[in-house]
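Below you'll find the structure, written out as structure tokens, and then a few comments.
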Amino acid sequence: MGNGRIYDLLNGLETGRKQYNEIMESQSCRSFFTDEVYGCRDAAEYSGEISAGDNLEYMEYLIKERNMRGKLQLIYVDPPFFSNSRYQASVRLQTENLGTSPVIKTGAYDDKWEDSMEQYLTMLTVRFLMMKELLSDTGCIWVHLDWHGSHYVKMILDEIFGEDNFVNEVAWTYKSGGSGKRSFAKKHDTLLFYGKTKKYKFNLLKEKSYNRGLKPYRFKGVKEYCDETGWYTLVNMKDVWAIDMVGRTSGERTGYATQKPEKLLERIVEACSDEGDLCADFFAGSGTFGAVCTAMNRDWIMCDEGNVAVASQIRRITDSITKKEKAFNVTRAYSADEKGNPVKAEDKGFVRVASEMGMLKITEYKPDLFSLSREDEEIAARYAADDGGSLVNFWSIDRNYDGMIHRGEGIIEGKDFAAAGSGTVNIIGYDVLGNRFYLKKKV
């Protein structure tokens, strides 16, 4: 059996601490630059930030260059679970001639560790140490896991945040998922909740507790309520949360693998932050955290290195943040030239846009299909050849592009856009595989 999991735990913690110390002692770090902004154009400041890149590099940048040590009130993270699986996002294409395609799957993120728990725990340790630096003294961290590694990760968190600062182990239970014949069906995830200090912020939440027989008790001093189910009282929320997963027909559904329901995140955000607080998710996936924070008037930052994730986040949040007359920016880790100016990374995907009578229309799009299986690549290529716009997820225009930051005027989901006025516009868009494209076009 080798040295076993205890050996992995100890070495993961030691190696993670060593990596963290080396990073913090280094005098340099990777810089991130804003190159896209979405939302209300007249917003006084950004209330959200999406970072496309490695979360370790991004957290180092926040600490060293943005002076954000101790600035975050809440961190929620939904990291890989040590499932040794690869997760994918599902999309369908459609053209007038070909109709709707079979489901195409593109890579979302990789949770394969060659069965090395030590490697997995090292990855988490160095990041948890960074997160602790970013949390305020009243700050809280929630770590979302499942049965694969939660018991090992809790020991890591006890070491970093202190056993005395452990608050709750919340079980999120649901009905979805499979079951086997040799075990009870695994139908819950584990959320580990820690405060940075004993002064952590906590807003007590209430829930319904139905009376026995669903009839009124009529106890003196006990306030009772009635709904379509029956009579109940309000009690302090318990640590087992029964919340449905995001269903196939749900309006929340983005097609992103392992997407979490907004109701789950709403409880965490409400319990551990107030309006105006700055909250963060460094494994942001489909962007549920940012969507919830926007709706609940919290400022937020999210980070993910997956192209599909970043595209999903931008599309999901733009409309809602615009309605609140706020905006968010998108940052990327770019290399710099000899003068310190960011050097833009090469975008993937070739787009052709026609302009006729004030109307912009995507007429051709050649995507990068490297992330697809051979079968799905053939399907995507066929649909792209039939209709160039069929692989486009969304795009946006900027009529006053300054050459550095694209300020998108909302999200365009179709192939056509009535571009009133004249002049040159800057176009940035994303396809269904997460590839970004850009183009300058005269209207």
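Letters A, B, ... mark the chains of the structure tokens in the order given; residue numbers begin at 1 per chain; ligand numbers begin at 1, in order shown.
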Closest pair table for range 82-146 of chain A residues within 12 Å of range 191-211 of chain A, only C-alpha atoms, as a tab-separated table:
```
residue	atom	partner	partner_atom	distance
A:Phe128	CA	A:Lys196	CA	11.4
A:Leu129	CA	A:Lys196	CA	11.3
A:Met131	CA	A:Lys196	CA	9.9
A:Lys132	CA	A:Lys196	CA	7.0
A:Glu133	CA	A:Lys196	CA	9.5
A:Leu134	CA	A:Lys196	CA	10.1
A:Leu135	CA	A:Lys196	CA	6.9
A:Ser136	CA	A:Lys196	CA	7.4
A:Asp137	CA	A:Thr197	CA	5.8
A:Thr138	CA	A:Tyr200	CA	3.9
A:Gly139	CA	A:Tyr200	CA	5.4
A:Cys140	CA	A:Gly195	CA	4.4
A:Ile141	CA	A:Tyr194	CA	5.4
A:Trp142	CA	A:Phe193	CA	4.6
A:Val143	CA	A:Leu192	CA	5.1
A:His144	CA	A:Leu191	CA	4.5
A:Leu145	CA	A:Leu191	CA	6.2
A:Asp146	CA	A:Leu191	CA	8.2
```
If we count only C-alpha atoms, what is near Ile243 in chain A at a cut-off of 12 Å, once residues fewer than 5 positions away on the same chain are taken out, given as a list in words?
-> Ala171, Trp172, Thr173, Tyr174, Lys175, Ser176, Lys187, His188, Asp189, Lys260, Pro261, Glu262, Lys263, Leu264, Leu265, Glu266 and Arg267 of chain A
Just the selected residues (C-alpha atoms), exported as a compact mmCIF listing (two decimals), in the first residue's frame, please.
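Below you can see out-v1.txt, which holds the result:
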```
# COMPACT_ATOMS: atom_id res chain seq x y z
CA ALA A 171 -24.17 18.92 4.16
CA TRP A 172 -25.85 19.89 0.90
CA THR A 173 -28.19 17.05 0.03
CA TYR A 174 -29.90 16.54 -3.34
CA LYS A 175 -31.78 13.91 -5.32
CA SER A 176 -29.81 13.92 -8.57
CA LYS A 187 -26.40 12.22 -2.43
CA HIS A 188 -24.63 15.03 -0.61
CA ASP A 189 -21.68 17.40 -0.85
CA LYS A 260 -24.09 24.78 -8.61
CA PRO A 261 -27.59 26.18 -7.87
CA GLU A 262 -28.01 29.85 -7.05
CA LYS A 263 -30.09 29.03 -3.96
CA LEU A 264 -27.09 27.27 -2.40
CA LEU A 265 -24.79 30.24 -2.93
CA GLU A 266 -27.47 32.70 -1.79
CA ARG A 267 -27.45 31.16 1.69
```
Near-range 249-258 of chain A list (10 Å; only C-alpha atoms; drop same-chain fewer than 3 positions) as a PyMOL selection string = chain A and resi 78+80+86-92+105-109+245-246+261-262+285-288+308-309+312-313+315-316
Strand (DSSP E) per DSSP on the backbone: members of range 41-180 of chain A, as a PyMOL selection string = chain A and resi 46-52+72-77+85-91+94-95+99-100+104-111+135-145+166-173
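Distance check against Glu356 in chain A using only C-alpha atoms: of A:Ala44, A:Ala291, A:Met404, A:Val443, the minimum falls on A:Val443.
The spacing separating CA of Asp398 in chain A from CA of Val330 in chain A amounts to 14.8 Å.
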Using only C-alpha atoms, which residue out of A:Glu275, A:Asp158, A:Ala280, A:Phe32 lies closest to Asp54 in chain A?
-> A:Phe32
CA of Met68 in chain A and CA of Glu305 in chain A, how far apart in Å?
-> 20.6 Å
Selection near range 95-99 of chain A, 9 Å with only C-alpha atoms, sequence-local residues under 4 positions removed, as a PDB file with all heavy atoms, in the first residue's frame:
```pdb
ATOM      1  N   TYR A 383     -21.255  22.279 -39.269  1.00  0.00           N
ATOM      2  CA  TYR A 383     -22.181  23.369 -38.956  1.00  0.00           C
ATOM      3  C   TYR A 383     -21.550  24.726 -39.227  1.00  0.00           C
ATOM      4  O   TYR A 383     -22.218  25.655 -39.694  1.00  0.00           O
ATOM      5  CB  TYR A 383     -22.648  23.265 -37.500  1.00  0.00           C
ATOM      6  CG  TYR A 383     -23.841  22.358 -37.332  1.00  0.00           C
ATOM      7  CD1 TYR A 383     -23.706  20.975 -37.383  1.00  0.00           C
ATOM      8  CD2 TYR A 383     -25.113  22.880 -37.148  1.00  0.00           C
ATOM      9  CE1 TYR A 383     -24.797  20.131 -37.237  1.00  0.00           C
ATOM     10  CE2 TYR A 383     -26.224  22.055 -37.004  1.00  0.00           C
ATOM     11  CZ  TYR A 383     -26.055  20.679 -37.056  1.00  0.00           C
ATOM     12  OH  TYR A 383     -27.147  19.864 -36.918  1.00  0.00           O
ATOM     13  N   ASP A 386     -21.731  25.425 -42.867  1.00  0.00           N
ATOM     14  CA  ASP A 386     -23.091  25.730 -43.325  1.00  0.00           C
ATOM     15  C   ASP A 386     -23.516  27.137 -42.904  1.00  0.00           C
ATOM     16  O   ASP A 386     -24.187  27.842 -43.668  1.00  0.00           O
ATOM     17  CB  ASP A 386     -24.065  24.701 -42.761  1.00  0.00           C
ATOM     18  CG  ASP A 386     -25.480  24.914 -43.275  1.00  0.00           C
ATOM     19  OD1 ASP A 386     -25.673  24.847 -44.505  1.00  0.00           O
ATOM     20  OD2 ASP A 386     -26.372  25.155 -42.449  1.00  0.00           O
ATOM     21  N   ASP A 387     -23.148  27.530 -41.685  1.00  0.00           N
ATOM     22  CA  ASP A 387     -23.528  28.849 -41.180  1.00  0.00           C
ATOM     23  C   ASP A 387     -22.462  29.298 -40.192  1.00  0.00           C
ATOM     24  O   ASP A 387     -22.333  28.751 -39.092  1.00  0.00           O
ATOM     25  CB  ASP A 387     -24.893  28.777 -40.493  1.00  0.00           C
ATOM     26  CG  ASP A 387     -25.380  30.134 -40.007  1.00  0.00           C
ATOM     27  OD1 ASP A 387     -24.572  31.070 -39.940  1.00  0.00           O
ATOM     28  OD2 ASP A 387     -26.569  30.246 -39.690  1.00  0.00           O
ATOM     29  N   GLY A 389     -22.191  31.696 -38.242  1.00  0.00           N
ATOM     30  CA  GLY A 389     -22.611  32.195 -36.939  1.00  0.00           C
ATOM     31  C   GLY A 389     -23.097  31.133 -35.984  1.00  0.00           C
ATOM     32  O   GLY A 389     -23.371  31.428 -34.820  1.00  0.00           O
ATOM     33  N   SER A 390     -23.213  29.886 -36.431  1.00  0.00           N
ATOM     34  CA  SER A 390     -23.815  28.854 -35.586  1.00  0.00           C
ATOM     35  C   SER A 390     -22.951  28.484 -34.381  1.00  0.00           C
ATOM     36  O   SER A 390     -23.463  27.968 -33.394  1.00  0.00           O
ATOM     37  CB  SER A 390     -24.116  27.598 -36.412  1.00  0.00           C
ATOM     38  OG  SER A 390     -22.917  27.023 -36.912  1.00  0.00           O
TER      39      SER A 390
END
```
In Å, how far is it from CA of Glu14 in chain A to CA of Cys29 in chain A?
-> 22.4 Å
Quick one: DSSP helix (DSSP H, G or I) residues in range 127-305 of chain A, as a PyMOL selection string?
-> chain A and resi 127-134+150-161+163-165+212-214+262-272+288-295
